[in-house]
Amino acid sequence: MEVFTWSRLFWMRNQFVKRCLSIHHLSQAQSGYDVIVVGGGHAGCEAASAAARMGAKTLMITHKIKTIGEMSCNPSFGGIGKSHLMKEVDALDGLCCKICDQSGIHFRILNTKKGPAVWGPRAQIDRLLYKKHIQNAILNMPNLTVITCSVEDLLLMEPENPDHNLTRKTCGGIVLENGDHIRSHTVVLTTGTFLRGQINIGLEVRPAGRLGDEPAIGLAHTLENIGFTMGRLKTGTPPRLDGKTIDYSKTKPISGDKEPMPFSFLNKTVWIKPEDQKLCHLTRTTEAVNCIVKDNLHLNRHVQEETTGPSKCQIMLSSLMHDLKICKMFGDSLSQHSAIISFIDVGFLAMALLPLPHHDTIAY
Ligand SMILES: Cc1cc2nc3c(=O)[nH]c(=O)nc-3n(C[C@H](O)[C@H](O)[C@H](O)COP(=O)(O)OP(=O)(O)OC[C@H]3O[C@@H](n4cnc5c(N)ncnc54)[C@H](O)[C@@H]3O)c2cc1C
């Protein structure tokens, strides 16, 4: 039988402590990532998948798995202003074009009366299908781990080169809401409309990232404290109408292209048969509708002064305020099997001031 002297016991204790410390260091090292992406919206999905494709050990942290790839508003992709951006993402082997080709329900090249340089591929997307496909891609991607939690703070360190007067702090990772630290030298913030976001419904204001989601307050404080200049952007949701209540005989149907052109350079066709595409319906406001809108401007914070700021999407209240006589509106389905129609216009939401749900989110 071994006899334990005090010195032997002391040595064993030290060995035990050293071993614990090394395990602790090991688990800390393992918990570090090459890249941490905060957010699982469009930007987060592209950033995380790009890093993982490059072979980086990547972590996506987002609030909920079920909202990864959520399409916020009118679920469409592309158009004259944004399709070139999608093509650039596709050229980098990004996700959105490939997923649009698997989930679009109405494909159309806009502006074809003009030269090819200004054509704008646009697709109305089935928001449920889009989410399903992108979540499948993200959750099965090699090198990519996804966790759900709120990031409340950044791990900030003194810059490696203090003489570099533009660098005030170096980011070495993130702090989760439960206090855990995760280290990485590359932290990408793709927090969308969540940083101290607010939703306005008519005159009501409430804090929210988007409808049904909490805003990100802690991270907004951190960015402010580091010295970033913060500003507000505003955006608006087009009203949703029950398609069964619309008299389509008074609208002009617009069909998708006979040969839908895929968004992705890698695809030759899209998933849906041309004849199965959903119609889009064009209509116009009348003088009477314009009057109702103008008479109710005071019921909407969106047009009031304190919510000024560049509008991220097409808010057309301004069109009526600038005395346009008639506003065009396009009615699009939200998904393949949904009766809900989203009415959006070339730059305006004519229904926005009617007593219908209308959410304007304003985010830092
Ligand atoms: C009401 C409304 C209407 C809109 N309408 C349009 C439109 O018609 N057309 C258009 O192009 N854009 C519209 N937008 C803008 C829309 O936000 C963007 O188009 C797009 O969704 C932005 O993608 P994103 O990836 O940058 O951010 P988001 O899609 O907003 O995703 C942000 C992600 O970050 C996560 N997140 C945020 N903070 C944290 C944190 N602290 N910790 C962990 N996770 C965090 C969120 O959970 C979410 O997954 C609208 C937005 C809103 C709110």
# chains A, B, ... in the order shown; residues from 1 in each chain; ligands from 1
$ residues_near_ligand --ligand "ligand 1" --cutoff "6 Å" --atoms "only C-alpha atoms and all ligand atoms" --output "count of residues only"
34
$ residues_around --residues "Arg53 in chain A" --least-positions-apart "5" --cutoff "12 Å" --atoms "only C-alpha atoms" --output "PyMOL selection string"
chain A and resi 35+45-48+58+92-95+137-138+141-144
$ write_last_selection --atoms "C-alpha atoms" --output "tab-separated table (two decimals), in the first residue's frame"
chain	number	residue	atom	x	y	z
A	35	VAL	CA	-14.82	34.07	-37.53
A	45	CYS	CA	-26.14	33.89	-43.86
A	46	GLU	CA	-23.90	35.16	-46.66
A	47	ALA	CA	-21.10	36.24	-44.30
A	48	ALA	CA	-21.12	32.99	-42.31
A	58	THR	CA	-17.02	29.87	-38.18
A	92	LEU	CA	-18.54	34.79	-54.99
A	93	ASP	CA	-20.49	31.51	-54.72
A	94	GLY	CA	-22.98	33.08	-52.29
A	95	LEU	CA	-26.30	31.56	-51.32
A	137	ALA	CA	-27.93	25.16	-46.32
A	138	ILE	CA	-26.74	26.96	-43.19
A	141	MET	CA	-22.63	23.64	-43.85
A	142	PRO	CA	-19.19	22.21	-43.02
A	143	ASN	CA	-17.07	24.46	-40.72
A	144	LEU	CA	-20.15	26.38	-39.55
$ closest_residue --among "A:Lys132, A:Gly120, A:Val37, A:Met157" --to "Lys66 in chain A" --atoms "only C-alpha atoms"
A:Lys132
$ closest_residue --among "A:Pro253, A:Pro159, A:Gly179, A:Pro262" --to "Met329 in chain A" --atoms "only C-alpha atoms"
A:Pro253
$ closest_atom_pairs --of "range 213-304 of chain A" --to "range 103-116 of chain A" --cutoff "12 Å" --atoms "only C-alpha atoms" --output "JSON lines"
{"residue": "A:Ile254", "atom": "CA", "partner": "A:Arg108", "partner_atom": "CA", "distance": 9.6}
{"residue": "A:Ser255", "atom": "CA", "partner": "A:His106", "partner_atom": "CA", "distance": 7.6}
{"residue": "A:Gly256", "atom": "CA", "partner": "A:His106", "partner_atom": "CA", "distance": 5.1}
{"residue": "A:Asp257", "atom": "CA", "partner": "A:Arg108", "partner_atom": "CA", "distance": 5.1}
{"residue": "A:Lys258", "atom": "CA", "partner": "A:Arg108", "partner_atom": "CA", "distance": 8.9}
{"residue": "A:Glu259", "atom": "CA", "partner": "A:Phe107", "partner_atom": "CA", "distance": 8.7}
{"residue": "A:Pro260", "atom": "CA", "partner": "A:Phe107", "partner_atom": "CA", "distance": 5.5}
{"residue": "A:Met261", "atom": "CA", "partner": "A:Phe107", "partner_atom": "CA", "distance": 7.2}
{"residue": "A:Pro262", "atom": "CA", "partner": "A:Phe107", "partner_atom": "CA", "distance": 8.3}
{"residue": "A:Phe263", "atom": "CA", "partner": "A:Phe107", "partner_atom": "CA", "distance": 9.3}
{"residue": "A:Thr269", "atom": "CA", "partner": "A:Phe107", "partner_atom": "CA", "distance": 11.3}
{"residue": "A:Val270", "atom": "CA", "partner": "A:Gly104", "partner_atom": "CA", "distance": 7.9}
{"residue": "A:Trp271", "atom": "CA", "partner": "A:Ser103", "partner_atom": "CA", "distance": 7.1}
{"residue": "A:Ile272", "atom": "CA", "partner": "A:Ile105", "partner_atom": "CA", "distance": 6.9}
{"residue": "A:Lys273", "atom": "CA", "partner": "A:Ile105", "partner_atom": "CA", "distance": 9.3}
{"residue": "A:Pro274", "atom": "CA", "partner": "A:His106", "partner_atom": "CA", "distance": 8.5}
{"residue": "A:Glu275", "atom": "CA", "partner": "A:His106", "partner_atom": "CA", "distance": 10.0}
{"residue": "A:Asp276", "atom": "CA", "partner": "A:Ile105", "partner_atom": "CA", "distance": 7.9}
{"residue": "A:Gln277", "atom": "CA", "partner": "A:Ile105", "partner_atom": "CA", "distance": 5.2}
{"residue": "A:Lys278", "atom": "CA", "partner": "A:His106", "partner_atom": "CA", "distance": 5.6}
{"residue": "A:Leu279", "atom": "CA", "partner": "A:His106", "partner_atom": "CA", "distance": 7.0}
{"residue": "A:Cys280", "atom": "CA", "partner": "A:His106", "partner_atom": "CA", "distance": 7.8}
{"residue": "A:His281", "atom": "CA", "partner": "A:His106", "partner_atom": "CA", "distance": 11.7}
$ write_last_selection --atoms "N, CA and C atoms" --output "compact mmCIF listing (two decimals), in the first residue's frame"
# COMPACT_ATOMS: atom_id res chain seq x y z
N ILE A 254 -50.21 40.68 -64.28
CA ILE A 254 -48.88 40.65 -64.92
C ILE A 254 -48.31 39.26 -64.68
N SER A 255 -48.03 38.56 -65.78
CA SER A 255 -47.51 37.20 -65.57
C SER A 255 -45.99 37.21 -65.51
N GLY A 256 -45.47 36.12 -64.98
CA GLY A 256 -44.02 35.97 -64.95
C GLY A 256 -43.51 35.71 -66.37
N ASP A 257 -42.19 35.74 -66.54
CA ASP A 257 -41.62 35.50 -67.88
C ASP A 257 -41.92 34.08 -68.35
N LYS A 258 -42.09 33.96 -69.69
CA LYS A 258 -42.38 32.61 -70.24
C LYS A 258 -41.21 31.66 -70.01
N GLU A 259 -40.01 32.24 -70.05
CA GLU A 259 -38.83 31.41 -69.73
C GLU A 259 -38.08 32.07 -68.59
N PRO A 260 -38.47 31.75 -67.36
CA PRO A 260 -37.83 32.43 -66.22
C PRO A 260 -36.31 32.28 -66.26
N MET A 261 -35.62 33.41 -66.10
CA MET A 261 -34.15 33.35 -66.13
C MET A 261 -33.64 33.15 -64.70
N PRO A 262 -32.84 32.11 -64.46
CA PRO A 262 -32.34 31.90 -63.09
C PRO A 262 -31.47 33.07 -62.64
N PHE A 263 -31.45 33.31 -61.35
CA PHE A 263 -30.56 34.34 -60.79
C PHE A 263 -29.12 33.87 -60.80
N THR A 269 -32.06 26.41 -65.07
CA THR A 269 -33.51 26.59 -64.94
C THR A 269 -33.85 26.91 -63.48
N VAL A 270 -35.11 27.36 -63.28
CA VAL A 270 -35.58 27.55 -61.90
C VAL A 270 -36.50 26.38 -61.55
N TRP A 271 -36.85 26.27 -60.27
CA TRP A 271 -37.59 25.08 -59.81
C TRP A 271 -39.03 25.05 -60.31
N ILE A 272 -39.64 26.22 -60.55
CA ILE A 272 -41.08 26.26 -60.83
C ILE A 272 -41.31 26.22 -62.34
N LYS A 273 -42.41 25.53 -62.77
CA LYS A 273 -42.73 25.53 -64.20
C LYS A 273 -43.26 26.92 -64.57
N PRO A 274 -42.93 27.42 -65.77
CA PRO A 274 -43.36 28.78 -66.13
C PRO A 274 -44.86 28.99 -65.93
N GLU A 275 -45.66 27.97 -66.29
CA GLU A 275 -47.12 28.14 -66.21
C GLU A 275 -47.64 28.09 -64.77
N ASP A 276 -46.83 27.62 -63.84
CA ASP A 276 -47.29 27.56 -62.44
C ASP A 276 -46.97 28.84 -61.67
N GLN A 277 -46.31 29.80 -62.32
CA GLN A 277 -45.95 31.01 -61.59
C GLN A 277 -47.19 31.79 -61.16
N LYS A 278 -47.09 32.49 -60.02
CA LYS A 278 -48.20 33.30 -59.52
C LYS A 278 -48.26 34.62 -60.30
N LEU A 279 -49.46 35.14 -60.44
CA LEU A 279 -49.61 36.44 -61.11
C LEU A 279 -49.32 37.57 -60.13
N CYS A 280 -48.86 38.68 -60.68
CA CYS A 280 -48.79 39.92 -59.91
C CYS A 280 -49.93 40.80 -60.46
N HIS A 281 -50.53 41.65 -59.63
CA HIS A 281 -51.67 42.44 -60.09
C HIS A 281 -51.38 43.93 -59.94
$ closest_residue --among "A:Val187, A:Ile341, A:Val175, A:Leu297" --to "Lys244 in chain A" --atoms "only C-alpha atoms"
A:Ile341
$ residues_around --residues "Leu155 in chain A" --least-positions-apart "5" --cutoff "12 Å" --atoms "only C-alpha atoms" --output "number ranges by chain"
A: 169-176, 179-187, 219, 222-223, 226
$ atom_distance --atom1 "CA of Ser83 in chain A" --atom2 "CA of Ser264 in chain A"
10.9 Å
$ closest_residue --among "A:Arg127, A:Arg122, A:Pro215, A:His298" --to "Leu203 in chain A" --atoms "only C-alpha atoms"
A:His298
$ select_by_dssp --residues "range 71-224 of chain A" --states "alpha helix (DSSP H)" --output "ChimeraX atom specification"
/A:83-91,96-103,127-139,218-224
$ write_last_selection --atoms "C-alpha atoms" --output "compact mmCIF listing (two decimals), in the first residue's frame"
# COMPACT_ATOMS: atom_id res chain seq x y z
CA SER A 83 -30.09 42.59 -58.84
CA HIS A 84 -26.48 43.54 -59.67
CA LEU A 85 -25.64 43.11 -55.99
CA MET A 86 -27.13 39.62 -56.05
CA LYS A 87 -25.10 38.73 -59.13
CA GLU A 88 -21.96 39.86 -57.32
CA VAL A 89 -22.85 37.68 -54.33
CA ASP A 90 -23.44 34.79 -56.74
CA ALA A 91 -20.10 35.36 -58.44
CA CYS A 96 -29.12 33.97 -52.16
CA CYS A 97 -29.29 33.51 -55.96
CA LYS A 98 -29.24 29.73 -55.74
CA ILE A 99 -31.94 29.76 -53.05
CA CYS A 100 -34.09 32.22 -55.04
CA ASP A 101 -33.97 29.83 -57.99
CA GLN A 102 -35.33 27.15 -55.65
CA SER A 103 -38.09 29.28 -54.12
CA ARG A 127 -40.95 33.27 -48.01
CA LEU A 128 -41.52 29.86 -46.35
CA LEU A 129 -39.65 27.96 -49.07
CA TYR A 130 -36.80 30.46 -48.99
CA LYS A 131 -36.39 30.08 -45.26
CA LYS A 132 -36.57 26.29 -45.48
CA HIS A 133 -33.84 26.08 -48.14
CA ILE A 134 -31.50 28.63 -46.60
CA GLN A 135 -31.82 27.07 -43.14
CA ASN A 136 -31.04 23.70 -44.67
CA ALA A 137 -27.93 25.16 -46.32
CA ILE A 138 -26.74 26.96 -43.19
CA LEU A 139 -27.42 24.20 -40.68
CA GLY A 218 -26.52 46.05 -25.24
CA LEU A 219 -24.66 45.88 -28.51
CA ALA A 220 -26.00 49.29 -29.54
CA HIS A 221 -24.54 50.74 -26.30
CA THR A 222 -21.20 49.05 -26.98
CA LEU A 223 -20.92 50.51 -30.46
CA GLU A 224 -21.87 53.95 -29.17
$ atom_distance --atom1 "CA of His337 in chain A" --atom2 "CA of Asp126 in chain A"
8.7 Å
$ atom_distance --atom1 "CA of Gly331 in chain A" --atom2 "CA of Gln198 in chain A"
26.6 Å
$ decode --residues "range 111-129 of chain A" --atoms "N, CA and C atoms" --output "PDB file, in the first residue's frame"
ATOM      1  N   ASN A 111     -37.475  46.169 -67.092  1.00  0.00           N
ATOM      2  CA  ASN A 111     -36.776  47.164 -67.922  1.00  0.00           C
ATOM      3  C   ASN A 111     -36.295  46.611 -69.261  1.00  0.00           C
ATOM      4  N   THR A 112     -36.937  45.574 -69.779  1.00  0.00           N
ATOM      5  CA  THR A 112     -36.413  44.957 -71.005  1.00  0.00           C
ATOM      6  C   THR A 112     -36.625  45.845 -72.232  1.00  0.00           C
ATOM      7  N   LYS A 113     -37.443  46.901 -72.066  1.00  0.00           N
ATOM      8  CA  LYS A 113     -37.601  47.808 -73.228  1.00  0.00           C
ATOM      9  C   LYS A 113     -36.314  48.588 -73.463  1.00  0.00           C
ATOM     10  N   LYS A 114     -35.471  48.632 -72.443  1.00  0.00           N
ATOM     11  CA  LYS A 114     -34.186  49.328 -72.592  1.00  0.00           C
ATOM     12  C   LYS A 114     -33.071  48.293 -72.791  1.00  0.00           C
ATOM     13  N   GLY A 115     -31.858  48.769 -72.916  1.00  0.00           N
ATOM     14  CA  GLY A 115     -30.732  47.863 -73.215  1.00  0.00           C
ATOM     15  C   GLY A 115     -30.395  46.933 -72.060  1.00  0.00           C
ATOM     16  N   PRO A 116     -29.680  45.824 -72.367  1.00  0.00           N
ATOM     17  CA  PRO A 116     -29.371  44.814 -71.351  1.00  0.00           C
ATOM     18  C   PRO A 116     -28.610  45.374 -70.148  1.00  0.00           C
ATOM     19  N   ALA A 117     -27.884  46.477 -70.321  1.00  0.00           N
ATOM     20  CA  ALA A 117     -27.100  47.013 -69.200  1.00  0.00           C
ATOM     21  C   ALA A 117     -28.002  47.426 -68.046  1.00  0.00           C
ATOM     22  N   VAL A 118     -29.277  47.760 -68.350  1.00  0.00           N
ATOM     23  CA  VAL A 118     -30.148  48.216 -67.257  1.00  0.00           C
ATOM     24  C   VAL A 118     -31.289  47.225 -66.967  1.00  0.00           C
ATOM     25  N   TRP A 119     -31.196  46.022 -67.471  1.00  0.00           N
ATOM     26  CA  TRP A 119     -32.216  45.028 -67.129  1.00  0.00           C
ATOM     27  C   TRP A 119     -32.112  44.706 -65.632  1.00  0.00           C
ATOM     28  N   GLY A 120     -33.258  44.402 -65.052  1.00  0.00           N
ATOM     29  CA  GLY A 120     -33.253  44.085 -63.619  1.00  0.00           C
ATOM     30  C   GLY A 120     -34.013  42.801 -63.335  1.00  0.00           C
ATOM     31  N   PRO A 121     -33.313  41.673 -63.176  1.00  0.00           N
ATOM     32  CA  PRO A 121     -34.025  40.441 -62.822  1.00  0.00           C
ATOM     33  C   PRO A 121     -34.670  40.595 -61.439  1.00  0.00           C
ATOM     34  N   ARG A 122     -35.940  40.242 -61.339  1.00  0.00           N
ATOM     35  CA  ARG A 122     -36.642  40.328 -60.056  1.00  0.00           C
ATOM     36  C   ARG A 122     -37.468  39.062 -59.873  1.00  0.00           C
ATOM     37  N   ALA A 123     -37.562  38.591 -58.649  1.00  0.00           N
ATOM     38  CA  ALA A 123     -38.437  37.442 -58.390  1.00  0.00           C
ATOM     39  C   ALA A 123     -39.220  37.676 -57.111  1.00  0.00           C
ATOM     40  N   GLN A 124     -40.504  37.334 -57.170  1.00  0.00           N
ATOM     41  CA  GLN A 124     -41.309  37.264 -55.956  1.00  0.00           C
ATOM     42  C   GLN A 124     -41.026  35.894 -55.359  1.00  0.00           C
ATOM     43  N   ILE A 125     -40.766  35.860 -54.061  1.00  0.00           N
ATOM     44  CA  ILE A 125     -40.277  34.621 -53.448  1.00  0.00           C
ATOM     45  C   ILE A 125     -41.324  34.050 -52.492  1.00  0.00           C
ATOM     46  N   ASP A 126     -41.413  32.747 -52.428  1.00  0.00           N
ATOM     47  CA  ASP A 126     -42.214  32.098 -51.396  1.00  0.00           C
ATOM     48  C   ASP A 126     -41.380  32.155 -50.114  1.00  0.00           C
ATOM     49  N   ARG A 127     -41.812  33.009 -49.165  1.00  0.00           N
ATOM     50  CA  ARG A 127     -40.947  33.265 -48.007  1.00  0.00           C
ATOM     51  C   ARG A 127     -40.718  32.003 -47.161  1.00  0.00           C
ATOM     52  N   LEU A 128     -41.693  31.077 -47.165  1.00  0.00           N
ATOM     53  CA  LEU A 128     -41.518  29.862 -46.353  1.00  0.00           C
ATOM     54  C   LEU A 128     -40.495  28.933 -47.003  1.00  0.00           C
ATOM     55  N   LEU A 129     -40.607  28.821 -48.343  1.00  0.00           N
ATOM     56  CA  LEU A 129     -39.649  27.958 -49.067  1.00  0.00           C
ATOM     57  C   LEU A 129     -38.231  28.508 -48.939  1.00  0.00           C
TER      58      LEU A 129
END
